[in-house]
file upload28.cif (mmCIF, C-alpha atoms)
data_query
#
loop_
_atom_site.label_atom_id
_atom_site.label_comp_id
_atom_site.auth_asym_id
_atom_site.auth_seq_id
_atom_site.Cartn_x
_atom_site.Cartn_y
_atom_site.Cartn_z
CA MET A 277 -44.43 54.16 -121.67
CA GLU A 278 -42.34 53.95 -118.51
CA THR A 279 -38.89 55.51 -118.83
CA THR A 280 -36.06 53.77 -117.03
CA LYS A 281 -34.34 56.24 -114.75
CA ILE A 282 -30.61 56.28 -114.25
CA GLU A 283 -29.55 55.86 -110.65
CA LYS A 284 -26.34 56.85 -108.86
CA ARG A 285 -24.75 55.25 -105.83
CA TYR A 286 -21.70 56.18 -103.78
CA CYS A 287 -19.11 53.67 -102.63
CA GLY A 288 -17.04 54.66 -99.60
CA VAL A 289 -14.09 52.37 -100.34
CA PRO A 290 -11.01 54.62 -100.51
CA LEU A 291 -9.38 55.50 -103.81
CA GLU A 292 -5.66 55.17 -104.23
CA VAL A 293 -2.87 56.07 -106.59
CA ARG A 294 -1.07 52.83 -107.43
CA ALA A 295 2.66 52.69 -106.74
CA ALA A 296 4.82 53.18 -109.81
CA GLU A 297 7.40 50.76 -111.08
CA GLY A 298 10.82 52.34 -111.48
CA SER A 299 11.52 56.02 -111.01
CA GLU A 300 8.51 57.41 -112.89
CA GLU A 301 5.66 58.77 -110.76
CA SER A 302 2.45 56.74 -111.05
CA ARG A 303 -0.67 58.27 -112.58
CA THR A 304 -2.82 55.16 -112.06
CA ILE A 305 -5.95 55.73 -109.97
CA THR A 306 -7.74 52.65 -108.65
CA GLY A 307 -10.86 52.15 -106.60
CA TYR A 308 -14.21 50.42 -106.28
CA ALA A 309 -17.28 52.11 -107.72
CA ALA A 310 -19.52 49.43 -106.16
CA VAL A 311 -19.16 46.83 -103.41
CA PHE A 312 -21.26 43.65 -103.16
CA ASP A 313 -23.43 42.62 -100.20
CA SER A 314 -22.92 45.84 -98.27
CA ASP A 315 -25.91 47.83 -97.03
CA SER A 316 -26.27 51.44 -98.16
CA VAL A 317 -27.09 54.29 -95.84
CA ASP A 318 -30.78 54.72 -95.12
CA MET A 319 -32.44 56.36 -98.14
CA GLY A 320 -35.94 55.64 -96.86
CA PHE A 321 -34.95 52.06 -97.66
CA THR A 322 -31.67 50.16 -97.54
CA GLU A 323 -30.04 48.88 -100.69
CA ARG A 324 -27.44 46.25 -101.48
CA LEU A 325 -25.82 44.91 -104.62
CA ALA A 326 -25.98 41.16 -105.14
CA SER A 327 -22.77 39.52 -106.27
CA GLY A 328 -23.30 38.77 -109.94
CA CYS A 329 -25.35 41.93 -110.57
CA PHE A 330 -22.70 43.17 -113.03
CA ASP A 331 -22.53 39.91 -115.03
CA GLY A 332 -22.14 40.83 -118.71
CA VAL A 333 -22.62 44.57 -118.09
CA ILE A 334 -19.05 45.72 -118.85
CA GLU A 335 -19.10 43.90 -122.20
CA ARG A 336 -22.27 45.72 -123.33
CA SER A 337 -21.70 49.20 -121.86
CA ASP A 338 -20.03 52.42 -122.98
CA VAL A 339 -18.70 53.73 -119.66
CA VAL A 340 -16.84 56.96 -118.97
CA ALA A 341 -14.86 57.96 -115.88
CA LEU A 342 -15.94 61.43 -114.77
CA TYR A 343 -15.66 63.86 -111.91
CA ASN A 344 -18.91 64.19 -109.93
CA HIS A 345 -20.95 62.58 -112.74
CA SER A 346 -20.38 65.58 -115.02
CA GLU A 347 -18.87 65.67 -118.50
CA GLU A 348 -18.41 69.43 -118.13
CA PRO A 349 -14.78 69.37 -116.94
CA GLY A 350 -13.90 66.51 -119.32
CA VAL A 351 -13.55 62.74 -119.46
CA LEU A 352 -10.85 60.94 -117.47
CA ALA A 353 -11.09 57.55 -119.23
CA ARG A 354 -13.46 55.38 -121.23
CA SER A 355 -14.39 51.73 -121.68
CA VAL A 356 -16.40 50.68 -124.73
CA ASN A 357 -17.64 47.11 -124.34
CA GLY A 358 -14.72 46.36 -122.01
CA ASP A 359 -11.95 47.95 -124.09
CA GLY A 360 -10.30 51.32 -123.65
CA THR A 361 -8.44 53.51 -121.20
CA LEU A 362 -10.85 52.72 -118.35
CA ARG A 363 -10.14 49.24 -116.99
CA LEU A 364 -13.23 47.78 -115.34
CA THR A 365 -13.24 44.39 -113.65
CA VAL A 366 -15.61 42.54 -111.39
CA ASP A 367 -14.06 40.56 -108.54
CA ASP A 368 -15.29 39.06 -105.26
CA LYS A 369 -15.45 42.53 -103.68
CA GLY A 370 -17.29 44.46 -106.40
CA LEU A 371 -16.80 46.66 -109.47
CA ARG A 372 -13.13 47.68 -109.60
CA CYS A 373 -12.00 50.64 -111.70
CA GLU A 374 -8.53 51.60 -112.81
CA PHE A 375 -7.24 54.23 -115.20
CA ASP A 376 -4.16 56.29 -115.86
CA ALA A 377 -4.98 59.94 -115.21
CA PRO A 378 -4.65 61.80 -118.52
CA HIS A 379 -2.08 64.56 -118.89
CA THR A 380 -4.82 67.20 -118.86
CA ARG A 381 -5.79 69.82 -116.32
CA LEU A 382 -8.62 67.58 -115.09
CA GLY A 383 -6.36 64.53 -114.94
CA ASP A 384 -3.68 66.42 -113.02
CA ASP A 385 -6.26 67.91 -110.63
CA MET A 386 -7.90 64.54 -109.91
CA LEU A 387 -4.55 62.83 -109.40
CA GLU A 388 -3.45 65.46 -106.87
CA SER A 389 -6.83 65.43 -105.09
CA VAL A 390 -6.75 61.64 -104.70
CA ARG A 391 -3.13 61.71 -103.50
CA ARG A 392 -3.97 64.36 -100.89
CA GLY A 393 -7.11 62.52 -99.77
CA ASP A 394 -9.44 65.36 -100.79
CA ILE A 395 -11.35 62.97 -103.06
CA ARG A 396 -11.80 59.63 -101.37
CA GLY A 397 -14.67 57.82 -103.01
CA MET A 398 -16.38 56.78 -106.19
CA SER A 399 -19.92 56.59 -107.45
CA PHE A 400 -21.54 54.88 -110.41
CA ALA A 401 -24.51 55.66 -112.66
CA PHE A 402 -26.61 52.73 -113.83
CA THR A 403 -30.01 51.32 -114.72
CA VAL A 404 -31.50 48.17 -113.22
CA SER A 405 -33.12 45.28 -115.06
CA LYS A 406 -33.92 43.15 -112.00
CA ASP A 407 -34.33 43.91 -108.31
CA THR A 408 -36.16 42.47 -105.33
CA TRP A 409 -37.78 44.19 -102.35
CA GLU A 410 -38.15 42.87 -98.82
CA HIS A 411 -39.94 44.25 -95.76
CA THR A 412 -37.92 42.98 -92.79
CA ASP A 413 -39.13 42.05 -89.31
CA ASP A 414 -37.50 45.22 -87.93
CA ASP A 415 -39.68 47.33 -90.28
CA ARG A 416 -36.97 48.16 -92.81
CA TYR A 417 -37.38 48.02 -96.56
CA VAL A 418 -34.45 46.40 -98.34
CA ARG A 419 -33.89 46.57 -102.07
CA THR A 420 -31.45 44.10 -103.59
CA ILE A 421 -30.16 44.92 -107.06
CA ASP A 422 -29.95 41.53 -108.75
CA GLN A 423 -28.97 42.66 -112.26
CA VAL A 424 -27.66 45.96 -113.58
CA GLU A 425 -28.96 46.62 -117.08
CA GLN A 426 -26.53 49.33 -118.19
CA LEU A 427 -23.54 51.09 -116.66
CA TYR A 428 -23.08 54.72 -117.76
CA ASP A 429 -20.30 56.20 -115.69
CA VAL A 430 -17.98 55.73 -112.76
CA SER A 431 -17.09 58.97 -111.04
CA LEU A 432 -14.61 60.32 -108.58
CA VAL A 433 -16.84 62.17 -106.14
CA VAL A 434 -16.62 64.72 -103.36
CA THR A 435 -20.16 64.27 -102.06
CA PRO A 436 -21.94 60.91 -101.90
CA ALA A 437 -24.73 60.49 -104.45
CA TYR A 438 -27.70 58.59 -103.04
CA ASP A 439 -30.47 59.64 -105.41
CA ALA A 440 -33.22 57.06 -105.80
CA THR A 441 -35.15 57.25 -109.04
CA SER A 442 -38.83 57.92 -109.38
CA VAL A 443 -39.26 54.41 -110.82
CA GLU A 444 -37.89 52.94 -107.60
CA VAL A 445 -39.77 55.43 -105.46
CA ASN A 446 -42.99 54.34 -107.17
CA LYS A 447 -42.22 50.70 -106.33
CA LEU A 448 -41.47 51.61 -102.74
CA GLU A 449 -44.54 53.83 -102.32
CA GLY A 450 -46.62 50.67 -102.55
CA LEU A 451 -44.88 49.59 -99.35
CA LYS A 452 -44.03 52.90 -97.67
CA ALA A 453 -44.23 56.61 -98.58
CA VAL A 454 -40.80 57.88 -99.62
CA ASN A 455 -39.93 60.83 -101.84
CA PRO A 456 -36.18 61.13 -102.56
CA PRO A 457 -35.04 63.39 -105.44
CA ALA A 458 -34.96 61.91 -108.95
CA ALA A 459 -31.73 60.97 -110.72
CA PRO A 460 -30.91 62.09 -114.27
CA ASP A 461 -32.78 60.22 -116.98
CA GLU A 462 -31.47 58.37 -120.04
CA ALA A 463 -31.66 61.53 -122.20
CA TYR A 464 -28.94 63.11 -120.02
CA TYR A 465 -26.57 60.22 -120.73
CA GLU A 466 -27.48 60.07 -124.42
CA ASN A 467 -26.51 63.76 -124.60
CA LEU A 468 -23.31 62.92 -122.73
CA LYS A 469 -22.41 60.26 -125.30
CA LYS A 470 -23.07 62.68 -128.19
CA ASN A 471 -20.78 65.31 -126.66
CA ILE A 472 -17.96 62.83 -126.09
CA TYR A 473 -17.71 61.46 -129.64
#
call {"tool": "encode", "arguments": {"input": "upload28.cif", "output": "structure tokens"}}
result
Amino acid sequence: METTKIEKRYCGVPLEVRAAEGSEESRTITGYAAVFDSDSVDMGFTERLASGCFDGVIERSDVVALYNHSEEPGVLARSVNGDGTLRLTVDDKGLRCEFDAPHTRLGDDMLESVRRGDIRGMSFAFTVSKDTWEHTDDDRYVRTIDQVEQLYDVSLVVTPAYDATSVEVNKLEGLKAVNPPAAPDEAYYENLKKNIY
């Protein structure tokens, strides 16, 4: 039985702290975890997200906002089937995330790091139900993610995460030999869910 591997991708669109209304300081962090129709860096292949790849995903996913894809320091926000403290929307640009940083040590640290520009990007963890591969005339391999099966987390990240899974590496090896490191599997995220409840 083939196990679906969870993949992570980094989005370089800057994060921001939204301006507050009135005199109270804002704690709302916004950003894009994924952007449509934009080529990734070279991972042995190039990847892009098709617009529409997140159709229906938010409504069927339990998604947490984390720091560097780790539940260890805590959870910043959560969306269960589209409801919760993590506000996820899909627009013409991509997967937009917004949450109010909790009044916790982690929340305070992330808020300050985003304000200072120390943390500038986001990443997301996901599985794919449909993708297509193309070998271009200029000898590049391009993977288009047509449909995301499940979304597991959106993370504020220091270092870009471009880990291709062994499932995708196996598909690509039929075209070209590539051996990037494997991403965490579903058991990791099942354990994450158990520890959060």
call {"tool": "closest_residue", "arguments": {"input": "upload28.cif", "among": "A:Asp313, A:Asp376, A:Glu425, A:Asp368", "to": "Val404 of chain A", "atoms": "all atoms listed in the file"}}
result
A:Glu425
call {"tool": "residues_around", "arguments": {"input": "upload28.cif", "residues": "segment 319-329 of chain A", "least_positions_apart": "3", "cutoff": "6 Å", "atoms": "all atoms listed in the file", "output": "ChimeraX atom specification"}}
result
/A:312-316,417-424
call {"tool": "closest_residue", "arguments": {"input": "upload28.cif", "among": "A:Thr408, A:Asn357, A:Ser302, A:Ser431", "to": "Ile395 of chain A", "atoms": "all atoms listed in the file"}}
result
A:Ser431
call {"tool": "resolve_selection", "arguments": {"input": "upload28.cif", "expression": "the PyMOL selection byres ((chain A and resi 427) around 12)", "output": "PyMOL selection string"}}
result
chain A and resi 282-285+309-310+329-341+354-358+364+371+399-405+423-426+428-431+462+465
call {"tool": "atom_distance", "arguments": {"input": "upload28.cif", "atom1": "atom CA of Gly360 of chain A", "atom2": "atom CA of Thr304 of chain A"}}
result
14.3 Å
call {"tool": "resolve_selection", "arguments": {"input": "upload28.cif", "expression": "the PyMOL selection byres ((chain A and resi 387) around 9)", "output": "count of residues only"}}
result
15
call {"tool": "resolve_selection", "arguments": {"input": "upload28.cif", "expression": "the PyMOL selection byres ((chain A and resi 374) around 6)", "output": "VMD selection string"}}
result
chain A and resid 305 to 306 363 373 375
call {"tool": "atom_distance", "arguments": {"input": "upload28.cif", "atom1": "atom CA of Arg396 of chain A", "atom2": "atom CA of Val434 of chain A"}}
result
7.3 Å
call {"tool": "axis_aligned_box", "arguments": {"input": "upload28.cif", "around": "segment 415-427 of chain A", "padding_each_side": "3 Å", "output": "lines of an AutoDock Vina configuration file"}}
result
center_x = -31.6
center_y = 46.3
center_z = -104.2
size_x = 22.1
size_y = 15.6
size_z = 33.9
call {"tool": "atom_distance", "arguments": {"input": "upload28.cif", "atom1": "atom CA of Thr365 of chain A", "atom2": "atom CA of Met398 of chain A"}}
result
14.8 Å
call {"tool": "decode", "arguments": {"input": "upload28.cif", "residues": "segment 304-336 of chain A", "atoms": "N, CA and C atoms", "output": "PDB file, in the first residue's frame"}}
result
ATOM      1  N   THR A 304      -3.098  41.201  14.559  1.00  0.00           N
ATOM      2  CA  THR A 304      -3.512  40.409  13.411  1.00  0.00           C
ATOM      3  C   THR A 304      -2.360  40.235  12.431  1.00  0.00           C
ATOM      4  N   ILE A 305      -1.983  38.985  12.204  1.00  0.00           N
ATOM      5  CA  ILE A 305      -0.927  38.633  11.259  1.00  0.00           C
ATOM      6  C   ILE A 305      -1.598  38.100   9.999  1.00  0.00           C
ATOM      7  N   THR A 306      -1.192  38.625   8.847  1.00  0.00           N
ATOM      8  CA  THR A 306      -1.755  38.177   7.574  1.00  0.00           C
ATOM      9  C   THR A 306      -0.629  37.814   6.613  1.00  0.00           C
ATOM     10  N   GLY A 307      -0.924  36.928   5.705  1.00  0.00           N
ATOM     11  CA  GLY A 307       0.052  36.552   4.691  1.00  0.00           C
ATOM     12  C   GLY A 307      -0.519  35.508   3.755  1.00  0.00           C
ATOM     13  N   TYR A 308       0.273  35.116   2.791  1.00  0.00           N
ATOM     14  CA  TYR A 308      -0.100  34.064   1.848  1.00  0.00           C
ATOM     15  C   TYR A 308       0.792  32.857   2.087  1.00  0.00           C
ATOM     16  N   ALA A 309       0.164  31.723   2.338  1.00  0.00           N
ATOM     17  CA  ALA A 309       0.915  30.478   2.496  1.00  0.00           C
ATOM     18  C   ALA A 309       1.224  29.860   1.139  1.00  0.00           C
ATOM     19  N   ALA A 310       0.441  30.229   0.112  1.00  0.00           N
ATOM     20  CA  ALA A 310       0.635  29.686  -1.234  1.00  0.00           C
ATOM     21  C   ALA A 310       0.168  30.713  -2.253  1.00  0.00           C
ATOM     22  N   VAL A 311       0.882  30.789  -3.376  1.00  0.00           N
ATOM     23  CA  VAL A 311       0.541  31.712  -4.454  1.00  0.00           C
ATOM     24  C   VAL A 311       0.372  30.906  -5.743  1.00  0.00           C
ATOM     25  N   PHE A 312      -0.690  31.207  -6.489  1.00  0.00           N
ATOM     26  CA  PHE A 312      -0.982  30.486  -7.727  1.00  0.00           C
ATOM     27  C   PHE A 312      -0.053  30.898  -8.871  1.00  0.00           C
ATOM     28  N   ASP A 313       0.147  29.955  -9.791  1.00  0.00           N
ATOM     29  CA  ASP A 313       0.805  30.196 -11.075  1.00  0.00           C
ATOM     30  C   ASP A 313       2.154  30.890 -10.960  1.00  0.00           C
ATOM     31  N   SER A 314       2.894  30.557  -9.923  1.00  0.00           N
ATOM     32  CA  SER A 314       4.227  31.107  -9.707  1.00  0.00           C
ATOM     33  C   SER A 314       5.194  29.935  -9.582  1.00  0.00           C
ATOM     34  N   ASP A 315       6.260  29.948 -10.358  1.00  0.00           N
ATOM     35  CA  ASP A 315       7.210  28.835 -10.334  1.00  0.00           C
ATOM     36  C   ASP A 315       8.027  28.819  -9.050  1.00  0.00           C
ATOM     37  N   SER A 316       8.236  27.636  -8.518  1.00  0.00           N
ATOM     38  CA  SER A 316       9.083  27.453  -7.340  1.00  0.00           C
ATOM     39  C   SER A 316      10.546  27.586  -7.740  1.00  0.00           C
ATOM     40  N   VAL A 317      11.405  27.565  -6.747  1.00  0.00           N
ATOM     41  CA  VAL A 317      12.834  27.455  -7.031  1.00  0.00           C
ATOM     42  C   VAL A 317      13.077  26.055  -7.591  1.00  0.00           C
ATOM     43  N   ASP A 318      14.220  25.855  -8.177  1.00  0.00           N
ATOM     44  CA  ASP A 318      14.556  24.555  -8.752  1.00  0.00           C
ATOM     45  C   ASP A 318      14.805  23.545  -7.640  1.00  0.00           C
ATOM     46  N   MET A 319      13.990  22.498  -7.609  1.00  0.00           N
ATOM     47  CA  MET A 319      14.125  21.424  -6.622  1.00  0.00           C
ATOM     48  C   MET A 319      14.499  20.129  -7.339  1.00  0.00           C
ATOM     49  N   GLY A 320      15.172  20.261  -8.491  1.00  0.00           N
ATOM     50  CA  GLY A 320      15.363  19.126  -9.378  1.00  0.00           C
ATOM     51  C   GLY A 320      14.235  19.107 -10.390  1.00  0.00           C
ATOM     52  N   PHE A 321      13.200  19.847 -10.115  1.00  0.00           N
ATOM     53  CA  PHE A 321      12.061  20.118 -10.976  1.00  0.00           C
ATOM     54  C   PHE A 321      11.477  21.443 -10.497  1.00  0.00           C
ATOM     55  N   THR A 322      10.653  22.047 -11.309  1.00  0.00           N
ATOM     56  CA  THR A 322       9.968  23.279 -10.939  1.00  0.00           C
ATOM     57  C   THR A 322       8.519  22.930 -10.650  1.00  0.00           C
ATOM     58  N   GLU A 323       7.945  23.639  -9.720  1.00  0.00           N
ATOM     59  CA  GLU A 323       6.571  23.345  -9.328  1.00  0.00           C
ATOM     60  C   GLU A 323       5.752  24.621  -9.342  1.00  0.00           C
ATOM     61  N   ARG A 324       4.460  24.459  -9.667  1.00  0.00           N
ATOM     62  CA  ARG A 324       3.535  25.590  -9.574  1.00  0.00           C
ATOM     63  C   ARG A 324       2.176  25.078  -9.113  1.00  0.00           C
ATOM     64  N   LEU A 325       1.434  25.969  -8.492  1.00  0.00           N
ATOM     65  CA  LEU A 325       0.091  25.655  -8.010  1.00  0.00           C
ATOM     66  C   LEU A 325      -0.924  26.211  -8.998  1.00  0.00           C
ATOM     67  N   ALA A 326      -1.797  25.359  -9.496  1.00  0.00           N
ATOM     68  CA  ALA A 326      -2.849  25.812 -10.400  1.00  0.00           C
ATOM     69  C   ALA A 326      -3.917  26.542  -9.601  1.00  0.00           C
ATOM     70  N   SER A 327      -4.450  27.625 -10.171  1.00  0.00           N
ATOM     71  CA  SER A 327      -5.570  28.274  -9.491  1.00  0.00           C
ATOM     72  C   SER A 327      -6.699  27.245  -9.455  1.00  0.00           C
ATOM     73  N   GLY A 328      -7.365  27.165  -8.346  1.00  0.00           N
ATOM     74  CA  GLY A 328      -8.398  26.149  -8.161  1.00  0.00           C
ATOM     75  C   GLY A 328      -7.903  24.917  -7.427  1.00  0.00           C
ATOM     76  N   CYS A 329      -6.596  24.822  -7.159  1.00  0.00           N
ATOM     77  CA  CYS A 329      -6.075  23.615  -6.501  1.00  0.00           C
ATOM     78  C   CYS A 329      -6.547  23.494  -5.049  1.00  0.00           C
ATOM     79  N   PHE A 330      -7.019  24.588  -4.457  1.00  0.00           N
ATOM     80  CA  PHE A 330      -7.518  24.536  -3.079  1.00  0.00           C
ATOM     81  C   PHE A 330      -9.047  24.447  -3.007  1.00  0.00           C
ATOM     82  N   ASP A 331      -9.713  24.249  -4.139  1.00  0.00           N
ATOM     83  CA  ASP A 331     -11.178  24.183  -4.137  1.00  0.00           C
ATOM     84  C   ASP A 331     -11.667  23.107  -3.171  1.00  0.00           C
ATOM     85  N   GLY A 332     -12.480  23.513  -2.194  1.00  0.00           N
ATOM     86  CA  GLY A 332     -13.078  22.599  -1.226  1.00  0.00           C
ATOM     87  C   GLY A 332     -12.162  22.127  -0.118  1.00  0.00           C
ATOM     88  N   VAL A 333     -10.885  22.470  -0.158  1.00  0.00           N
ATOM     89  CA  VAL A 333      -9.919  21.949   0.814  1.00  0.00           C
ATOM     90  C   VAL A 333     -10.128  22.544   2.204  1.00  0.00           C
ATOM     91  N   ILE A 334     -10.353  23.840   2.298  1.00  0.00           N
ATOM     92  CA  ILE A 334     -10.527  24.487   3.607  1.00  0.00           C
ATOM     93  C   ILE A 334     -11.712  23.880   4.340  1.00  0.00           C
ATOM     94  N   GLU A 335     -12.777  23.606   3.614  1.00  0.00           N
ATOM     95  CA  GLU A 335     -14.009  23.086   4.219  1.00  0.00           C
ATOM     96  C   GLU A 335     -13.884  21.647   4.710  1.00  0.00           C
ATOM     97  N   ARG A 336     -12.837  20.939   4.310  1.00  0.00           N
ATOM     98  CA  ARG A 336     -12.678  19.545   4.752  1.00  0.00           C
ATOM     99  C   ARG A 336     -11.379  19.310   5.523  1.00  0.00           C
TER     100      ARG A 336
END
